[in-house]
$ cat my_file.txt   # compact mmCIF, C-alpha atoms
# COMPACT_ATOMS: atom_id res chain seq x y z
CA MET A 1 94.71 187.45 198.42
CA ASN A 2 94.21 186.06 194.95
CA MET A 3 90.57 184.99 194.80
CA ASN A 4 91.16 182.30 192.19
CA GLU A 5 93.73 180.71 194.44
CA TYR A 6 91.31 180.94 197.33
CA ILE A 7 88.57 179.30 195.29
CA SER A 8 90.79 176.44 194.15
CA SER A 9 92.12 175.76 197.67
CA GLY A 10 89.06 173.61 198.44
CA ILE A 11 88.01 175.69 201.42
CA LEU A 12 84.65 176.62 199.87
CA GLU A 13 83.86 172.93 199.45
CA SER A 14 84.75 172.33 203.11
CA TYR A 15 82.39 175.14 204.06
CA VAL A 16 79.45 173.70 202.14
CA LEU A 17 80.17 170.18 203.44
CA ASP A 18 80.10 171.63 206.97
CA VAL A 19 83.61 170.36 207.72
CA ALA A 20 85.48 173.66 207.82
CA THR A 21 86.83 174.94 211.15
CA PRO A 22 84.99 177.84 212.82
CA GLU A 23 87.81 180.17 211.78
CA GLU A 24 87.61 179.01 208.19
CA MET A 25 83.84 179.44 208.23
CA LYS A 26 84.08 183.04 209.38
CA GLU A 27 86.74 183.69 206.79
CA VAL A 28 84.63 182.19 203.99
CA GLU A 29 81.60 184.20 205.06
CA MET A 30 83.66 187.36 205.08
CA TYR A 31 85.13 186.77 201.64
CA ALA A 32 81.74 185.76 200.26
CA SER A 33 80.23 189.02 201.43
CA MET A 34 83.03 191.01 199.80
CA HIS A 35 83.67 189.13 196.55
CA PRO A 36 80.76 188.23 194.31
CA GLU A 37 82.86 185.59 192.52
CA ILE A 38 83.29 183.72 195.82
CA LYS A 39 79.58 183.93 196.52
CA LEU A 40 78.79 182.58 193.04
CA GLU A 41 81.24 179.73 193.47
CA LEU A 42 79.73 178.87 196.84
CA GLU A 43 76.28 178.85 195.32
CA ALA A 44 77.42 176.56 192.51
CA ILE A 45 78.93 174.15 195.03
CA GLU A 46 75.76 174.22 197.10
CA LYS A 47 73.69 173.58 194.01
CA ALA A 48 75.77 170.53 193.07
CA MET A 49 75.50 169.14 196.59
CA HIS A 50 71.76 169.75 196.61
CA SER A 51 71.40 167.84 193.37
CA TYR A 52 73.53 165.11 194.90
CA ALA A 53 71.29 164.95 197.97
CA THR A 54 68.21 164.99 195.77
CA GLU A 55 69.59 162.06 193.76
CA HIS A 56 69.82 160.10 197.00
CA SER A 57 66.28 160.92 198.13
CA ILE A 58 64.19 158.29 199.83
CA THR A 59 60.49 159.11 200.12
CA PRO A 60 59.28 158.71 203.69
CA PRO A 61 56.05 156.72 204.27
CA PRO A 62 53.04 158.89 203.35
CA GLN A 63 51.39 158.84 206.77
CA LEU A 64 54.47 160.40 208.36
CA LYS A 65 53.67 163.85 207.01
CA ASP A 66 50.39 164.13 208.91
CA LYS A 67 52.00 162.84 212.07
CA ILE A 68 54.78 165.41 211.89
CA LEU A 69 52.48 168.31 211.01
CA ALA A 70 50.15 167.32 213.84
CA GLN A 71 53.03 167.37 216.28
CA ILE A 72 54.09 170.80 215.10
CA ALA A 73 50.52 172.08 215.36
CA ALA A 74 50.32 170.71 218.92
CA GLU A 75 53.60 172.43 219.82
CA THR A 76 52.36 175.71 218.50
CA SER A 77 49.15 175.66 220.48
CA ASN A 78 50.91 174.61 223.69
CA SER A 79 53.81 176.96 223.68
CA SER A 80 55.56 179.48 221.57
CA PRO A 81 58.51 178.15 219.60
CA ALA A 82 61.48 177.92 221.92
CA LYS A 83 65.05 177.78 220.90
CA GLU A 84 67.00 174.63 221.33
CA PRO A 85 70.23 173.33 219.90
CA VAL A 86 69.88 172.59 216.22
CA THR A 87 73.16 171.54 214.86
CA ARG A 88 76.43 170.80 216.49
CA SER A 89 78.22 173.27 214.37
CA MET A 90 75.89 176.04 215.35
CA ASN A 91 75.53 175.39 219.04
CA GLU A 92 78.55 173.83 220.60
CA GLY A 93 79.59 177.17 221.98
CA ALA A 94 82.28 179.59 221.07
CA SER A 95 85.03 177.14 221.98
CA SER A 96 84.50 174.68 219.15
CA ASN A 97 82.31 175.09 216.15
CA SER A 98 80.09 178.07 216.76
CA ARG A 99 79.17 180.27 213.85
CA PHE A 100 77.53 182.60 216.38
CA SER A 101 78.98 185.82 217.60
CA THR A 102 77.79 187.66 220.68
CA TRP A 103 75.92 189.96 218.37
CA SER A 104 74.00 187.20 216.71
CA ILE A 105 73.06 185.77 220.09
CA ALA A 106 71.79 189.19 221.15
CA ALA A 107 69.91 189.45 217.87
CA SER A 108 68.39 186.03 218.41
CA LEU A 109 67.22 187.03 221.88
CA LEU A 110 65.64 190.16 220.47
CA PHE A 111 64.01 188.09 217.80
CA LEU A 112 62.72 185.66 220.40
CA ILE A 113 61.09 188.46 222.41
CA SER A 114 59.45 189.99 219.38
CA ALA A 115 58.50 186.56 218.06
CA THR A 116 56.72 185.78 221.33
CA PHE A 117 54.64 188.95 220.97
CA ALA A 118 53.99 188.26 217.35
CA ILE A 119 52.87 184.74 218.11
CA TYR A 120 50.53 185.76 220.90
CA TYR A 121 48.84 188.54 218.97
CA GLY A 122 49.35 187.76 215.36
CA VAL A 123 49.35 184.05 214.81
CA GLN A 124 45.66 183.47 214.33
CA ASN A 125 45.17 186.47 212.13
CA GLY A 126 48.17 185.44 210.06
CA GLN A 127 46.92 181.90 209.65
CA LEU A 128 43.48 183.06 208.53
CA ASN A 129 44.93 185.49 206.03
CA SER A 130 47.25 182.92 204.66
CA SER A 131 44.50 180.32 204.21
CA ILE A 132 42.33 182.90 202.43
CA ASN A 133 45.24 183.75 200.16
CA LYS A 134 45.91 180.13 199.40
CA MET A 135 42.26 179.47 198.60
CA GLN A 136 42.13 182.46 196.30
CA GLN A 137 45.25 181.28 194.53
CA ALA A 138 43.86 177.78 194.21
CA ASN A 139 40.61 179.20 192.84
CA THR A 140 42.38 181.29 190.21
CA ALA A 141 44.57 178.37 189.22
CA LEU A 142 41.51 176.16 188.84
CA SER A 143 39.59 178.62 186.70
CA ASP A 144 42.67 179.18 184.53
CA SER A 145 43.01 175.48 183.91
CA VAL A 146 39.30 175.18 183.08
CA LYS A 147 39.69 177.97 180.52
CA ALA A 148 42.77 176.33 179.07
CA LEU A 149 40.93 172.99 178.85
CA ALA A 150 37.94 174.60 177.14
CA SER A 151 40.13 176.26 174.56
CA ASN A 152 41.99 172.98 173.99
CA MET A 153 38.65 171.26 173.46
CA ASP A 154 37.59 173.87 170.91
CA GLN A 155 40.82 173.38 169.01
CA ILE A 156 40.43 169.59 169.10
CA HIS A 157 36.84 169.85 167.80
CA ASN A 158 37.92 172.09 164.94
CA ASP A 159 40.85 169.83 164.10
CA MET A 160 38.61 166.76 164.14
CA ALA A 161 36.13 168.43 161.79
CA ILE A 162 38.91 169.12 159.28
CA MET A 163 40.44 165.67 159.53
CA GLN A 164 37.06 164.00 159.06
CA ASP A 165 36.11 166.22 156.15
CA THR A 166 36.56 164.12 153.01
CA ALA A 167 37.29 167.26 151.00
CA TYR A 168 40.68 167.33 152.77
CA LYS A 169 43.60 165.24 151.69
CA VAL A 170 45.83 164.09 154.54
CA VAL A 171 49.51 164.20 153.60
CA LYS A 172 52.00 162.61 155.97
CA LEU A 173 55.40 164.31 155.97
CA LYS A 174 58.17 161.90 156.90
CA GLY A 175 61.58 162.72 158.40
CA LEU A 176 64.50 162.94 155.97
CA LYS A 177 68.06 161.84 156.57
CA ILE A 178 68.94 164.84 158.71
CA SER A 179 66.24 163.95 161.25
CA PRO A 180 64.58 160.58 160.53
CA GLU A 181 62.50 160.80 163.73
CA SER A 182 60.70 163.95 162.63
CA LYS A 183 57.18 163.89 161.31
CA ALA A 184 54.35 166.23 160.48
CA MET A 185 50.99 166.16 158.74
CA VAL A 186 49.33 168.47 156.24
CA CYS A 187 45.57 168.62 155.57
CA TRP A 188 44.88 170.23 152.22
CA SER A 189 41.61 170.80 150.46
CA PRO A 190 42.12 171.08 146.66
CA ALA A 191 38.57 172.42 146.36
CA ASP A 192 38.78 175.45 148.64
CA LYS A 193 42.64 175.55 148.68
CA LYS A 194 42.93 175.62 152.47
CA VAL A 195 46.07 174.22 154.09
CA TYR A 196 46.53 173.14 157.70
CA VAL A 197 49.69 171.71 159.23
CA GLU A 198 50.30 169.76 162.40
CA ILE A 199 53.75 169.06 163.85
CA ASP A 200 54.07 165.65 165.43
CA LYS A 201 57.77 165.81 166.05
CA LEU A 202 60.51 168.24 165.09
CA PRO A 203 63.71 169.18 166.92
CA SER A 204 63.26 172.59 168.59
CA ALA A 205 64.52 175.33 166.28
CA PRO A 206 67.79 176.99 167.36
CA SER A 207 67.47 180.66 168.30
CA GLY A 208 67.26 182.92 165.27
CA MET A 209 65.88 180.05 163.19
CA GLN A 210 62.34 179.04 162.33
CA TYR A 211 60.68 176.21 160.44
CA GLN A 212 58.94 177.09 157.18
CA LEU A 213 56.32 175.07 155.33
CA TRP A 214 56.57 174.75 151.55
CA ALA A 215 54.12 173.49 148.97
CA ILE A 216 55.75 172.02 145.87
CA VAL A 217 53.79 173.39 142.93
CA ASP A 218 54.84 172.18 139.48
CA GLY A 219 58.29 171.35 140.80
CA LYS A 220 58.79 174.72 142.48
CA PRO A 221 58.64 175.45 146.23
CA VAL A 222 56.03 177.99 147.26
CA SER A 223 56.11 179.35 150.81
CA GLU A 224 53.16 178.37 152.93
CA GLY A 225 54.33 180.46 155.87
CA MET A 226 56.27 180.05 159.09
CA LEU A 227 55.47 177.44 161.71
CA THR A 228 54.57 178.64 165.17
CA ALA A 229 54.66 176.68 168.40
CA GLY A 230 51.53 175.02 169.75
CA ASN A 231 49.55 171.83 169.42
CA GLY A 232 46.94 170.97 166.84
CA LEU A 233 46.37 172.16 163.31
CA HIS A 234 47.70 175.51 162.17
CA HIS A 235 46.08 177.35 159.29
CA MET A 236 48.63 178.17 156.56
CA ARG A 237 48.49 179.98 153.21
CA ASP A 238 46.03 178.71 150.58
CA VAL A 239 47.44 176.76 147.65
CA GLU A 240 45.70 175.49 144.55
CA HIS A 241 47.82 172.83 142.81
CA ALA A 242 50.31 171.17 145.09
CA GLN A 243 52.12 167.90 144.48
CA ALA A 244 54.02 167.73 147.78
CA PHE A 245 54.69 169.54 151.04
CA ALA A 246 57.96 169.98 152.91
CA ILE A 247 59.32 171.75 156.00
CA SER A 248 62.75 173.32 156.13
CA LEU A 249 64.73 175.15 158.81
CA GLU A 250 65.23 178.78 157.77
CA LYS A 251 66.42 181.97 159.36
CA ALA A 252 63.70 183.57 161.49
CA GLY A 253 61.11 185.30 159.32
CA GLY A 254 61.57 182.83 156.49
CA SER A 255 63.19 182.70 153.05
CA GLU A 256 61.78 183.22 149.56
CA THR A 257 63.11 179.86 148.46
CA PRO A 258 64.23 177.09 150.84
CA LYS A 259 67.88 177.61 151.78
CA GLY A 260 68.14 175.52 154.95
CA ASP A 261 67.96 171.75 155.47
CA ILE A 262 64.69 170.03 154.72
CA TYR A 263 63.48 168.07 157.73
CA VAL A 264 60.30 166.41 156.56
CA MET A 265 58.59 165.87 153.20
CA GLY A 266 55.51 164.10 151.84
CA ALA A 267 54.01 163.73 148.39
CA ILE A 268 50.27 163.88 147.79
CA MET B 7 58.99 181.00 201.81
CA VAL B 8 61.55 181.53 204.56
CA ALA B 9 59.69 184.66 205.62
CA SER B 10 56.39 182.84 205.99
CA LEU B 11 58.13 180.08 207.97
CA LYS B 12 59.69 182.65 210.21
CA SER B 13 56.34 184.28 210.80
CA GLY B 14 55.03 180.96 212.07
CA ASP B 15 52.99 179.86 209.10
CA GLN B 16 52.21 176.17 209.48
CA ALA B 17 51.23 175.75 205.86
CA ALA B 18 54.80 176.74 205.00
CA ILE B 19 56.20 173.81 206.95
CA GLY B 20 53.89 171.50 204.97
CA PHE B 21 55.32 172.95 201.79
CA LEU B 22 58.82 172.49 203.16
CA TYR B 23 57.99 168.89 204.00
CA ASP B 24 56.71 168.20 200.49
CA ASN B 25 59.84 169.61 198.93
CA TYR B 26 62.65 168.46 201.19
CA SER B 27 61.52 165.47 203.26
CA ALA B 28 62.69 162.85 200.74
CA ALA B 29 66.19 164.34 200.48
CA LEU B 30 66.48 164.68 204.26
CA PHE B 31 65.12 161.17 204.80
CA GLY B 32 67.73 159.86 202.37
CA VAL B 33 70.50 161.37 204.50
CA ILE B 34 68.97 160.13 207.76
CA VAL B 35 68.48 156.55 206.54
CA ARG B 36 72.13 156.36 205.53
CA ILE B 37 73.28 157.47 208.96
CA VAL B 38 70.99 155.45 211.25
CA GLU B 39 71.17 152.26 209.25
CA THR B 40 72.86 149.42 211.18
CA HIS B 41 74.99 146.60 209.82
CA PRO B 42 73.54 144.14 209.25
CA PRO B 43 70.33 146.11 208.56
CA SER B 44 67.65 145.73 211.18
CA PRO B 45 63.88 146.18 210.75
CA SER B 46 63.93 148.95 213.34
CA ASP B 47 66.23 151.10 211.15
CA ARG B 48 63.35 152.61 209.19
CA GLU B 49 61.42 153.30 212.35
CA ASN B 50 64.42 155.07 213.84
CA ALA B 51 64.86 157.07 210.65
CA GLU B 52 61.21 158.12 210.77
CA ASP B 53 61.58 159.25 214.39
CA VAL B 54 64.65 161.25 213.43
CA LEU B 55 62.82 162.87 210.52
CA GLN B 56 60.09 163.91 212.92
CA ASP B 57 62.67 165.44 215.29
CA VAL B 58 64.27 167.19 212.35
CA PHE B 59 61.06 168.93 211.31
CA VAL B 60 60.27 169.96 214.87
CA LYS B 61 63.77 171.44 215.11
CA ILE B 62 63.34 173.24 211.80
CA TRP B 63 60.08 174.68 213.06
CA ARG B 64 61.57 175.80 216.36
CA ASN B 65 64.79 177.17 214.96
CA ILE B 66 63.91 178.69 211.66
CA SER B 67 64.62 182.10 213.18
CA SER B 68 68.31 181.19 213.44
CA TYR B 69 68.58 180.42 209.74
CA ASP B 70 70.59 183.14 208.03
CA PRO B 71 70.11 183.23 204.24
CA SER B 72 73.27 185.28 203.76
CA LYS B 73 75.33 182.33 205.02
CA GLY B 74 73.96 179.73 202.68
CA LYS B 75 70.95 178.18 201.09
CA LEU B 76 68.01 176.82 203.05
CA TYR B 77 68.68 173.35 201.61
CA THR B 78 72.20 173.33 203.07
CA TRP B 79 70.87 174.39 206.46
CA LEU B 80 68.22 171.66 206.38
CA ILE B 81 70.73 168.96 205.40
CA ASN B 82 73.00 170.05 208.25
CA ILE B 83 70.14 169.74 210.74
CA ALA B 84 69.18 166.30 209.39
CA ARG B 85 72.76 165.01 209.47
CA ASN B 86 73.45 166.28 212.98
CA THR B 87 70.13 165.11 214.41
CA ALA B 88 70.69 161.65 212.96
CA ILE B 89 74.20 161.46 214.45
CA ASP B 90 72.86 162.68 217.80
CA SER B 91 70.21 159.96 217.74
CA LEU B 92 72.93 157.31 217.43
CA ARG B 93 74.69 158.82 220.41
CA VAL B 94 71.55 158.65 222.56
CA LYS B 95 70.94 155.08 221.48
CA ASP B 96 74.47 154.12 222.32
CA HIS B 97 74.11 155.53 225.83
CA LYS B 98 70.98 153.50 226.32
CA LEU B 99 72.62 150.35 225.05
CA LYS B 100 75.81 150.56 226.99
CA SER B 101 74.79 152.84 229.86
CA LYS B 102 78.29 154.09 229.60
CA ILE B 103 79.17 157.72 229.74
CA GLN B 104 81.60 158.90 227.20
CA SER B 105 82.54 162.38 226.27
CA ILE B 106 80.15 163.61 223.63
CA ASP B 107 82.79 164.07 221.05
CA ASN B 108 84.26 160.61 221.43
CA SER B 109 80.95 158.86 221.43
CA VAL B 110 79.63 160.55 218.31
CA ARG B 111 82.67 159.42 216.47
CA SER B 112 82.91 155.92 217.88
CA ILE B 113 79.24 155.30 217.20
CA ASN B 114 79.65 156.60 213.77
CA ARG B 115 82.22 153.90 213.25
CA GLN B 116 80.00 151.21 214.71
CA TYR B 117 77.10 152.10 212.51
CA SER B 118 79.44 152.94 209.73
CA VAL B 119 77.37 153.51 206.66
CA SER B 120 78.28 152.14 203.33
CA ILE B 121 76.65 152.66 200.00
CA HIS B 122 73.57 150.66 199.17
CA PRO B 123 72.55 151.38 195.63
CA ASP B 124 69.53 149.07 195.94
CA HIS B 125 67.65 151.26 198.39
CA ILE B 126 68.90 154.51 196.98
CA GLY B 127 67.29 153.98 193.63
CA LEU B 128 68.67 154.84 190.25
CA LYS B 129 72.17 156.18 190.48
CA THR B 130 73.23 156.33 186.90
CA LEU B 131 74.47 159.89 187.13
CA VAL B 132 76.23 159.55 190.45
CA ASP B 133 77.74 156.24 189.33
CA LYS B 134 79.75 158.19 186.82
CA MET B 135 81.80 159.57 189.71
CA LYS B 136 85.10 157.94 190.51
CA PRO B 137 84.59 155.55 193.46
CA GLU B 138 87.19 157.30 195.64
CA HIS B 139 85.48 160.64 195.01
CA LYS B 140 82.03 159.32 195.83
CA GLN B 141 83.29 157.56 198.93
CA LEU B 142 84.83 160.74 200.30
CA ILE B 143 81.81 162.93 199.56
CA ASP B 144 79.50 160.37 201.17
CA LYS B 145 81.63 160.26 204.32
CA LEU B 146 81.75 164.05 204.64
CA TYR B 147 78.32 165.05 203.39
CA PHE B 148 76.09 162.19 204.40
CA GLU B 149 77.83 160.67 207.39
CA GLY B 150 79.16 163.70 209.20
CA TYR B 151 82.83 162.74 209.23
CA THR B 152 85.35 165.47 209.90
CA GLN B 153 88.16 165.86 207.38
CA GLU B 154 90.61 164.34 209.87
CA GLU B 155 88.38 161.32 210.44
CA ALA B 156 87.87 160.83 206.73
CA ALA B 157 91.64 161.01 206.21
CA GLU B 158 92.18 158.35 208.84
CA GLU B 159 89.38 156.11 207.62
CA LEU B 160 90.36 156.28 203.97
CA LYS B 161 94.08 156.23 204.79
CA ILE B 162 94.94 159.32 202.82
CA PRO B 163 96.75 162.50 203.92
CA LEU B 164 94.60 165.36 205.22
CA GLY B 165 95.73 167.59 202.35
CA THR B 166 94.47 164.99 199.88
CA VAL B 167 91.05 165.06 201.57
CA LYS B 168 90.72 168.77 200.80
CA THR B 169 91.89 168.60 197.21
CA ARG B 170 89.94 165.43 196.51
CA ALA B 171 86.75 166.95 197.91
CA ARG B 172 87.18 169.87 195.54
CA THR B 173 87.87 167.63 192.54
CA ALA B 174 84.90 165.43 193.43
CA ILE B 175 82.50 168.34 193.66
CA SER B 176 83.83 169.88 190.44
CA GLN B 177 83.10 166.54 188.78
CA LEU B 178 79.60 166.52 190.28
CA ARG B 179 78.99 170.03 189.02
CA GLU B 180 79.94 168.97 185.51
CA LEU B 181 77.72 165.90 185.70
CA PHE B 182 74.72 167.91 186.81
CA ILE B 183 75.30 170.63 184.23
CA GLU B 184 75.49 167.90 181.59
CA LYS B 185 72.23 166.45 182.87
CA ASP B 186 70.52 169.86 182.84
CA THR B 187 71.57 170.43 179.24
CA THR B 188 70.34 167.05 178.05
CA LEU B 189 66.99 167.69 179.71
CA LYS B 190 66.66 170.94 177.78

$ encode --input "my_file.txt" --output "structure tokens"
Amino acid sequence: MNMNEYISSGILESYVLDVATPEEMKEVEMYASMHPEIKLELEAIEKAMHSYATEHSITPPPQLKDKILAQIAAETSNSSPAKEPVTRSMNEGASSNSRFSTWSIAASLLFLISATFAIYYGVQNGQLNSSINKMQQANTALSDSVKALASNMDQIHNDMAIMQDTAYKVVKLKGLKISPESKAMVCWSPADKKVYVEIDKLPSAPSGMQYQLWAIVDGKPVSEGMLTAGNGLHHMRDVEHAQAFAISLEKAGGSETPKGDIYVMGAI
Amino acid sequence: MVASLKSGDQAAIGFLYDNYSAALFGVIVRIVETHPPSPSDRENAEDVLQDVFVKIWRNISSYDPSKGKLYTWLINIARNTAIDSLRVKDHKLKSKIQSIDNSVRSINRQYSVSIHPDHIGLKTLVDKMKPEHKQLIDKLYFEGYTQEEAAEELKIPLGTVKTRARTAISQLRELFIEKDTTLK
């Protein structure tokens, strides 16, 4: 069979919507296991329907979660999980909608037996291990975020010191026609020649492209280096006599003279 | 995730709840809602959600990842449990025994669910769908109609149901891809 024709017949949609006949379901599952393109198409349909369901979400009342988890916990301590009908399509028996074969029923029974053993002997151990794991993960995550915060604070302190230092001139770079929303700021000290730049807003550079900072010295652009991602002030090349600063979009690695569009510019 | 659920990890069901309960609740509310709406609708929906999670917990071993995504399996359980709850309620109300198949469908008609954008929240994306596409998808995906029933209800040929469902989902896929790209 031509797989494109099969895909466009609408049967995969019926499968995901749970409205296909049992025969159709088996057929779809068989084709999906044999043809990757069918599996991909199925996954794309599922993804769209999941997004659709997510768009229609309604958050249940907050106290419901505890109630439900408590009920499940009570079930677990009273008895091992037992099987019961889940969905019509899965459990109405072979005559109508079943996706089960004899083999899968046998497999389920086997699973049930082994699950019962596992639950009797393994459940407490498993729960303990999993809570230890979760706590360790939480601990690592917490210490990572503390480190990140500390390093952010350092950066902010340094940036503040520069911005408050009266030796530095603050030059605001405003967006040009190509991107009026863009803005950036340069702090430049004529005395010790240091240059720092901060990006407030710039469109993200397309792949293979990079933003480059220029100082305009006696009417000529002098490269101040390439801009890297990240918040706060970035230290750039020293410059002695600058009249303006500008940022242009260049090929990755930069150009000797600006060749790309200039996004922001500010005179001192 | 599925493995830890299958091994009986209760923390995993909490995680599952955090991630899927709102989507499942959205489906359930649309099915159990009566017309005109009654204050007990929400309560019923909450009871159904509870049943749904207990069923998930009990039956996770029958979930087969090779046959579809977990999300699809969960939505199917939510939809079917909600429809079953209407059936039970109907028996109580009428104390009348009907064949299961008939009653599910007749109840479904009685409680027939329409679209209520006010309680669904912002629908800008989904509103871009053609109304006849959205209507069909809602009937099939959220309300558990069969294709035959949808054909009858919407007064269109069965063949049109199949092709329209495909067109509708293709449109949805485009909309969501568009959304993903704008977010990037």

$ atom_distance --input "my_file.txt" --atom1 "CA of Gly20 in chain B" --atom2 "CA of Asp57 in chain B"
14.8 Å

$ residues_near_point --input "my_file.txt" --point "(63.5, 169.1, 200.4)" --cutoff "10 Å" --atoms "all atoms listed in the file" --output "list in words"
His50, Ala53, Thr54 and Ser57 of chain A; Phe21, Leu22, Tyr23, Asp24, Asn25, Tyr26, Ser27, Ala28, Ala29, Leu30, Phe31, Leu76, Tyr77, Leu80 and Ile81 of chain B

$ closest_residue --input "my_file.txt" --among "B:Met135, B:Lys75, B:Ala156, B:Leu92" --to "chain A" --atoms "all atoms listed in the file"
B:Lys75

$ interface_residues --input "my_file.txt" --of "chain B" --to "chain A" --cutoff "8 Å" --atoms "all atoms listed in the file" --output "PyMOL selection string"
chain B and resi 13-16+19-20+23+27-33+52+56+59-65+67-68+73-75+77-78+82-83+86-87+125-127+129+132+146-147+151-153+168-169+171-172+175-176+178-179+182

$ residues_around --input "my_file.txt" --residues "Glu256 in chain A" --least-positions-apart "4" --cutoff "10 Å" --atoms "only C-alpha atoms" --output "list in words"
Pro221, Val222, Ser223 and Glu250 of chain A

$ write_last_selection --input "my_file.txt" --atoms "C-alpha atoms" --output "compact mmCIF listing (two decimals), keeping the file's coordinate frame"
# COMPACT_ATOMS: atom_id res chain seq x y z
CA PRO A 221 58.64 175.45 146.23
CA VAL A 222 56.03 177.99 147.26
CA SER A 223 56.11 179.35 150.81
CA GLU A 250 65.23 178.78 157.77

$ residues_around --input "my_file.txt" --residues "Thr166 in chain A" --least-positions-apart "2" --cutoff "12 Å" --atoms "all atoms listed in the file" --output "list of chain:residue names"
A:Met160, A:Ala161, A:Ile162, A:Met163, A:Gln164, A:Tyr168, A:Lys169, A:Val170, A:Cys187, A:Trp188, A:Ser189, A:Pro190, A:Ala191

$ atom_distance --input "my_file.txt" --atom1 "CA of Met265 in chain A" --atom2 "CA of Lys201 in chain A"
12.9 Å

$ axis_aligned_box --input "my_file.txt" --around "range 80-91 of chain B" --padding-each-side "4 Å" --output "AutoDock Vina command-line options"
--center_x 71.2 --center_y 165.8 --center_z 211.6 --size_x 14.0 --size_y 19.7 --size_z 20.4

$ atom_distance --input "my_file.txt" --atom1 "CA of Gly232 in chain A" --atom2 "CA of Ala215 in chain A"
19.4 Å

$ residues_near_point --input "my_file.txt" --point "(55.2, 181.0, 154.7)" --cutoff "9 Å" --atoms "all atoms listed in the file" --output "number ranges by chain"
A: 212-214, 222-227, 236-237, 253-256
